[in-house]
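A.B. asks: Following this message is one structure expressed as structure tokens.
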Amino acid sequence: MSMMSLPLADAKIALDARWLAEADADRLLRGLRGGIPWEVHRIRLFGREHASPRLSCWIGDPGTGYRYSGSYFEPHPWPPELAGLRERLSTELGIGFNSVLANLYRDGRDCMGWHSDDEAELGPEPVIASVSLGATRRFVLKHRAEPQRKLEIALPHGSLLVMSGATQRSYRHALPRTTKPVGERINLTFRRIVVGRV
């Protein structure tokens, strides 16, 4: 693993832009595109329920239900395509990941708004391991108290971004919309749910 730490105060972020070999990333993208039961998650914003602007699937071990934006998600079982990936990440990062949120961005109109992965069931300083497949998209972090402090990262096919330490407490992050023509992208954010805190 060739992780590069990114300079960002009050955070711990590292990127390996070529974590997966291209052939492995291609194969994984194809397998997950057809092998995951994609669905539109309903989320609550400012007291109203909306369809999220992407397709998603919550996957995990039994007992790793996840509450996000006013909705509760029971985990789907692990598809075979993710077994080796989960094992490799757990070994390299020393974290027993027990769940993953898979998001499918169909084109540049699909996006993820500003948020932090700071739900109680993730613990006080969660490690989030984010694997990107498909089209390169722009990922942005913005400090909660000083929003002028930002970092933009291009996340290419086969890359791994790891956020840990105080990152979720200090920053929000987003995957903005783009008017540029871009292809599909799958993002996998591996997490460890603290079972019994939901």
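Every chain in the structure tokens takes a letter, A first, then B, and so on in the order presented; its residues are numbered from 1, and the ligands are numbered from 1 following the presented order.
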Determine, counting only C-alpha atoms, which protein, DNA and RNA residues have an atom within 6 Å of an atom of range 177-193 of chain A; residues of the same chain fewer than 2 positions away are not included. Present the result as a PyMOL selection string.

C.D. replies: chain A and resi 64+97-109+111+121-122+128-135+195

A.B. asks: Any idea what's packed within 6 Å of range 18-24 of chain A, counting only C-alpha atoms, ignoring anything in its chain fewer than 5 positions away? Could you give it as JSON, numbers by chain?

C.D. replies: {"A": [158, 159, 160]}

A.B. asks: Residues of range 153-191 of chain A in strand (DSSP E) according to DSSP, as a PDB file with N, CA, C and O atoms, in the first residue's frame?

C.D. replies:
```
ATOM      1  N   ILE A 153     -10.098  16.969  -3.638  1.00  0.00           N
ATOM      2  CA  ILE A 153      -9.335  15.798  -4.044  1.00  0.00           C
ATOM      3  C   ILE A 153     -10.036  15.156  -5.239  1.00  0.00           C
ATOM      4  O   ILE A 153     -11.255  14.971  -5.213  1.00  0.00           O
ATOM      5  N   ALA A 154      -9.290  14.796  -6.259  1.00  0.00           N
ATOM      6  CA  ALA A 154      -9.834  13.998  -7.364  1.00  0.00           C
ATOM      7  C   ALA A 154      -9.681  12.532  -6.984  1.00  0.00           C
ATOM      8  O   ALA A 154      -8.577  12.084  -6.649  1.00  0.00           O
ATOM      9  N   LEU A 155     -10.779  11.798  -7.023  1.00  0.00           N
ATOM     10  CA  LEU A 155     -10.763  10.376  -6.639  1.00  0.00           C
ATOM     11  C   LEU A 155     -10.912   9.516  -7.893  1.00  0.00           C
ATOM     12  O   LEU A 155     -12.010   9.341  -8.414  1.00  0.00           O
ATOM     13  N   SER A 159      -8.941   4.054  -6.548  1.00  0.00           N
ATOM     14  CA  SER A 159      -8.283   4.775  -5.455  1.00  0.00           C
ATOM     15  C   SER A 159      -8.874   4.408  -4.103  1.00  0.00           C
ATOM     16  O   SER A 159     -10.007   3.932  -3.994  1.00  0.00           O
ATOM     17  N   LEU A 160      -8.072   4.652  -3.057  1.00  0.00           N
ATOM     18  CA  LEU A 160      -8.497   4.449  -1.672  1.00  0.00           C
ATOM     19  C   LEU A 160      -8.206   5.724  -0.888  1.00  0.00           C
ATOM     20  O   LEU A 160      -7.066   6.190  -0.849  1.00  0.00           O
ATOM     21  N   LEU A 161      -9.252   6.288  -0.272  1.00  0.00           N
ATOM     22  CA  LEU A 161      -9.126   7.445   0.611  1.00  0.00           C
ATOM     23  C   LEU A 161      -9.493   6.989   2.017  1.00  0.00           C
ATOM     24  O   LEU A 161     -10.548   6.378   2.206  1.00  0.00           O
ATOM     25  N   VAL A 162      -8.624   7.268   2.984  1.00  0.00           N
ATOM     26  CA  VAL A 162      -8.892   6.880   4.364  1.00  0.00           C
ATOM     27  C   VAL A 162      -8.999   8.132   5.219  1.00  0.00           C
ATOM     28  O   VAL A 162      -8.078   8.957   5.255  1.00  0.00           O
ATOM     29  N   MET A 163     -10.136   8.285   5.887  1.00  0.00           N
ATOM     30  CA  MET A 163     -10.363   9.387   6.816  1.00  0.00           C
ATOM     31  C   MET A 163     -10.441   8.810   8.223  1.00  0.00           C
ATOM     32  O   MET A 163     -11.201   7.869   8.463  1.00  0.00           O
ATOM     33  N   SER A 164      -9.665   9.386   9.148  1.00  0.00           N
ATOM     34  CA  SER A 164      -9.650   8.863  10.519  1.00  0.00           C
ATOM     35  C   SER A 164      -9.378  10.007  11.491  1.00  0.00           C
ATOM     36  O   SER A 164      -9.465  11.183  11.123  1.00  0.00           O
ATOM     37  N   TYR A 171     -14.653  18.197  10.151  1.00  0.00           N
ATOM     38  CA  TYR A 171     -14.949  18.536   8.756  1.00  0.00           C
ATOM     39  C   TYR A 171     -16.263  17.937   8.283  1.00  0.00           C
ATOM     40  O   TYR A 171     -16.705  16.897   8.762  1.00  0.00           O
ATOM     41  N   ARG A 172     -16.852  18.608   7.297  1.00  0.00           N
ATOM     42  CA  ARG A 172     -17.920  18.034   6.476  1.00  0.00           C
ATOM     43  C   ARG A 172     -17.306  17.731   5.116  1.00  0.00           C
ATOM     44  O   ARG A 172     -16.306  18.330   4.729  1.00  0.00           O
ATOM     45  N   HIS A 173     -17.939  16.814   4.398  1.00  0.00           N
ATOM     46  CA  HIS A 173     -17.443  16.513   3.057  1.00  0.00           C
ATOM     47  C   HIS A 173     -18.612  16.326   2.099  1.00  0.00           C
ATOM     48  O   HIS A 173     -19.752  16.120   2.515  1.00  0.00           O
ATOM     49  N   ALA A 174     -18.315  16.428   0.807  1.00  0.00           N
ATOM     50  CA  ALA A 174     -19.360  16.352  -0.223  1.00  0.00           C
ATOM     51  C   ALA A 174     -18.759  15.872  -1.528  1.00  0.00           C
ATOM     52  O   ALA A 174     -17.549  15.984  -1.771  1.00  0.00           O
ATOM     53  N   LEU A 175     -19.623  15.332  -2.374  1.00  0.00           N
ATOM     54  CA  LEU A 175     -19.282  15.005  -3.758  1.00  0.00           C
ATOM     55  C   LEU A 175     -20.211  15.863  -4.618  1.00  0.00           C
ATOM     56  O   LEU A 175     -21.370  15.513  -4.824  1.00  0.00           O
ATOM     57  N   ARG A 185     -19.961   6.038 -11.529  1.00  0.00           N
ATOM     58  CA  ARG A 185     -18.976   5.850 -10.461  1.00  0.00           C
ATOM     59  C   ARG A 185     -19.626   5.089  -9.324  1.00  0.00           C
ATOM     60  O   ARG A 185     -20.763   5.378  -8.935  1.00  0.00           O
ATOM     61  N   ILE A 186     -18.918   4.102  -8.786  1.00  0.00           N
ATOM     62  CA  ILE A 186     -19.337   3.408  -7.573  1.00  0.00           C
ATOM     63  C   ILE A 186     -18.357   3.774  -6.477  1.00  0.00           C
ATOM     64  O   ILE A 186     -17.145   3.744  -6.677  1.00  0.00           O
ATOM     65  N   ASN A 187     -18.898   4.146  -5.322  1.00  0.00           N
ATOM     66  CA  ASN A 187     -18.069   4.441  -4.160  1.00  0.00           C
ATOM     67  C   ASN A 187     -18.459   3.508  -3.024  1.00  0.00           C
ATOM     68  O   ASN A 187     -19.647   3.297  -2.762  1.00  0.00           O
ATOM     69  N   LEU A 188     -17.465   2.941  -2.367  1.00  0.00           N
ATOM     70  CA  LEU A 188     -17.670   2.014  -1.260  1.00  0.00           C
ATOM     71  C   LEU A 188     -17.026   2.600  -0.019  1.00  0.00           C
ATOM     72  O   LEU A 188     -15.805   2.764   0.029  1.00  0.00           O
ATOM     73  N   THR A 189     -17.829   2.958   0.992  1.00  0.00           N
ATOM     74  CA  THR A 189     -17.258   3.493   2.222  1.00  0.00           C
ATOM     75  C   THR A 189     -17.397   2.449   3.331  1.00  0.00           C
ATOM     76  O   THR A 189     -18.483   2.224   3.863  1.00  0.00           O
ATOM     77  N   PHE A 190     -16.262   1.817   3.637  1.00  0.00           N
ATOM     78  CA  PHE A 190     -16.219   0.774   4.657  1.00  0.00           C
ATOM     79  C   PHE A 190     -16.157   1.416   6.036  1.00  0.00           C
ATOM     80  O   PHE A 190     -15.436   2.387   6.255  1.00  0.00           O
ATOM     81  N   ARG A 191     -16.922   0.837   6.969  1.00  0.00           N
ATOM     82  CA  ARG A 191     -17.033   1.389   8.323  1.00  0.00           C
ATOM     83  C   ARG A 191     -17.050   0.254   9.346  1.00  0.00           C
ATOM     84  O   ARG A 191     -17.260  -0.906   8.998  1.00  0.00           O
TER      85      ARG A 191
END
```

A.B. asks: Using only C-alpha atoms, can you tell me which of A:Leu8, A:Met3, A:Ala14, A:Pro176 comes closest to Leu151 in chain A?

C.D. replies: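 Checking each of A:Leu8, A:Met3, A:Ala14, A:Pro176 against Leu151 in chain A, counting only C-alpha atoms, the winner is A:Leu8.
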
A.B. asks: Ranking A:His76, A:Arg42, A:Arg137, A:Arg88 by minimum distance to Cys57 in chain A and counting only C-alpha atoms, which one comes first?

C.D. replies: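 Selected residue with least distance to Cys57 in chain A: A:His76.
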
A.B. asks: Step one, run DSSP on the backbone; step two, keep only residues of range 12-196 of chain A assigned to helix (DSSP H, G or I); then write them as a PyMOL selection string.

C.D. replies: chain A and resi 22-35+80-93+120-122+167-170

A.B. asks: Okay, now the selection with N, CA and C atoms, as a compact mmCIF listing (two decimals), in the first residue's frame?

C.D. replies:
```
# COMPACT_ATOMS: atom_id res chain seq x y z
N GLU A 22 -5.65 -1.69 -12.26
CA GLU A 22 -6.74 -1.29 -13.15
C GLU A 22 -7.64 -2.46 -13.53
N ALA A 23 -7.03 -3.62 -13.83
CA ALA A 23 -7.84 -4.78 -14.22
C ALA A 23 -8.74 -5.24 -13.07
N ASP A 24 -8.20 -5.20 -11.84
CA ASP A 24 -9.00 -5.59 -10.67
C ASP A 24 -10.14 -4.59 -10.43
N ALA A 25 -9.84 -3.30 -10.60
CA ALA A 25 -10.87 -2.27 -10.43
C ALA A 25 -11.96 -2.40 -11.49
N ASP A 26 -11.56 -2.70 -12.73
CA ASP A 26 -12.53 -2.90 -13.82
C ASP A 26 -13.46 -4.06 -13.50
N ARG A 27 -12.87 -5.17 -13.05
CA ARG A 27 -13.65 -6.38 -12.76
C ARG A 27 -14.61 -6.12 -11.59
N LEU A 28 -14.13 -5.42 -10.57
CA LEU A 28 -14.97 -5.12 -9.42
C LEU A 28 -16.13 -4.20 -9.80
N LEU A 29 -15.85 -3.20 -10.61
CA LEU A 29 -16.90 -2.28 -11.07
C LEU A 29 -18.00 -3.03 -11.81
N ARG A 30 -17.63 -3.91 -12.70
CA ARG A 30 -18.62 -4.69 -13.46
C ARG A 30 -19.43 -5.59 -12.53
N GLY A 31 -18.74 -6.28 -11.62
CA GLY A 31 -19.43 -7.21 -10.72
C GLY A 31 -20.39 -6.52 -9.78
N LEU A 32 -19.99 -5.38 -9.24
CA LEU A 32 -20.85 -4.67 -8.29
C LEU A 32 -22.02 -3.96 -8.98
N ARG A 33 -21.78 -3.51 -10.20
CA ARG A 33 -22.86 -2.80 -10.93
C ARG A 33 -24.08 -3.69 -11.08
N GLY A 34 -23.84 -4.98 -11.38
CA GLY A 34 -24.95 -5.90 -11.56
C GLY A 34 -25.24 -6.78 -10.36
N GLY A 35 -24.34 -6.78 -9.36
CA GLY A 35 -24.48 -7.71 -8.25
C GLY A 35 -25.01 -7.13 -6.96
N PRO A 80 -20.35 -11.59 -2.90
CA PRO A 80 -19.04 -12.24 -2.99
C PRO A 80 -17.95 -11.30 -3.50
N GLU A 81 -18.31 -10.34 -4.36
CA GLU A 81 -17.31 -9.44 -4.94
C GLU A 81 -16.60 -8.59 -3.88
N LEU A 82 -17.26 -8.41 -2.71
CA LEU A 82 -16.68 -7.55 -1.69
C LEU A 82 -15.89 -8.30 -0.62
N ALA A 83 -15.95 -9.63 -0.63
CA ALA A 83 -15.30 -10.40 0.43
C ALA A 83 -13.79 -10.16 0.48
N GLY A 84 -13.12 -10.28 -0.68
CA GLY A 84 -11.67 -10.08 -0.71
C GLY A 84 -11.28 -8.65 -0.42
N LEU A 85 -12.09 -7.70 -0.88
CA LEU A 85 -11.80 -6.29 -0.66
C LEU A 85 -11.88 -5.95 0.83
N ARG A 86 -12.92 -6.44 1.48
CA ARG A 86 -13.08 -6.22 2.92
C ARG A 86 -11.91 -6.81 3.70
N GLU A 87 -11.50 -8.02 3.34
CA GLU A 87 -10.40 -8.68 4.04
C GLU A 87 -9.09 -7.91 3.85
N ARG A 88 -8.83 -7.45 2.62
CA ARG A 88 -7.59 -6.71 2.36
C ARG A 88 -7.56 -5.40 3.14
N LEU A 89 -8.67 -4.67 3.14
CA LEU A 89 -8.73 -3.40 3.88
C LEU A 89 -8.55 -3.63 5.38
N SER A 90 -9.21 -4.63 5.92
CA SER A 90 -9.11 -4.92 7.35
C SER A 90 -7.68 -5.26 7.74
N THR A 91 -7.00 -6.03 6.88
CA THR A 91 -5.61 -6.41 7.16
C THR A 91 -4.68 -5.21 7.06
N GLU A 92 -4.80 -4.43 5.98
CA GLU A 92 -3.88 -3.32 5.77
C GLU A 92 -4.08 -2.18 6.76
N LEU A 93 -5.32 -1.95 7.18
CA LEU A 93 -5.61 -0.82 8.06
C LEU A 93 -5.76 -1.22 9.53
N ALA A 120 -23.48 8.23 16.14
CA ALA A 120 -22.99 7.65 17.40
C ALA A 120 -22.51 6.22 17.23
N GLU A 121 -23.18 5.44 16.37
CA GLU A 121 -22.82 4.03 16.24
C GLU A 121 -21.48 3.82 15.54
N LEU A 122 -20.87 4.90 14.99
CA LEU A 122 -19.54 4.80 14.38
C LEU A 122 -18.43 5.05 15.38
N THR A 167 -11.25 13.72 11.84
CA THR A 167 -11.75 14.23 10.55
C THR A 167 -13.26 14.47 10.57
N GLN A 168 -14.03 13.48 11.02
CA GLN A 168 -15.49 13.61 10.97
C GLN A 168 -16.00 14.66 11.97
N ARG A 169 -15.28 14.82 13.07
CA ARG A 169 -15.67 15.82 14.06
C ARG A 169 -15.34 17.23 13.58
N SER A 170 -14.28 17.37 12.79
CA SER A 170 -13.80 18.69 12.38
C SER A 170 -14.30 19.14 11.02
```

A.B. asks: What is the distance between CA of Ser2 in chain A and CA of Asp16 in chain A, in Å to one decimal?

C.D. replies: 5.7 Å

A.B. asks: Expressed in Å to a single decimal, how great is the separation between CA of Ala11 in chain A and CA of Gly113 in chain A?

C.D. replies: 19.6 Å

A.B. asks: Give me, please, the distance in Å between CA of Ala9 in chain A and CA of Ser116 in chain A, quoted to one decimal.

C.D. replies: 16.2 Å

A.B. asks: Counting only C-alpha atoms, which of A:Glu146, A:Glu152, A:Asp110, A:Asp118 gets nearest to Leu6 in chain A?

C.D. replies: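 Checking each of A:Glu146, A:Glu152, A:Asp110, A:Asp118 against Leu6 in chain A, counting only C-alpha atoms, the winner is A:Glu152.
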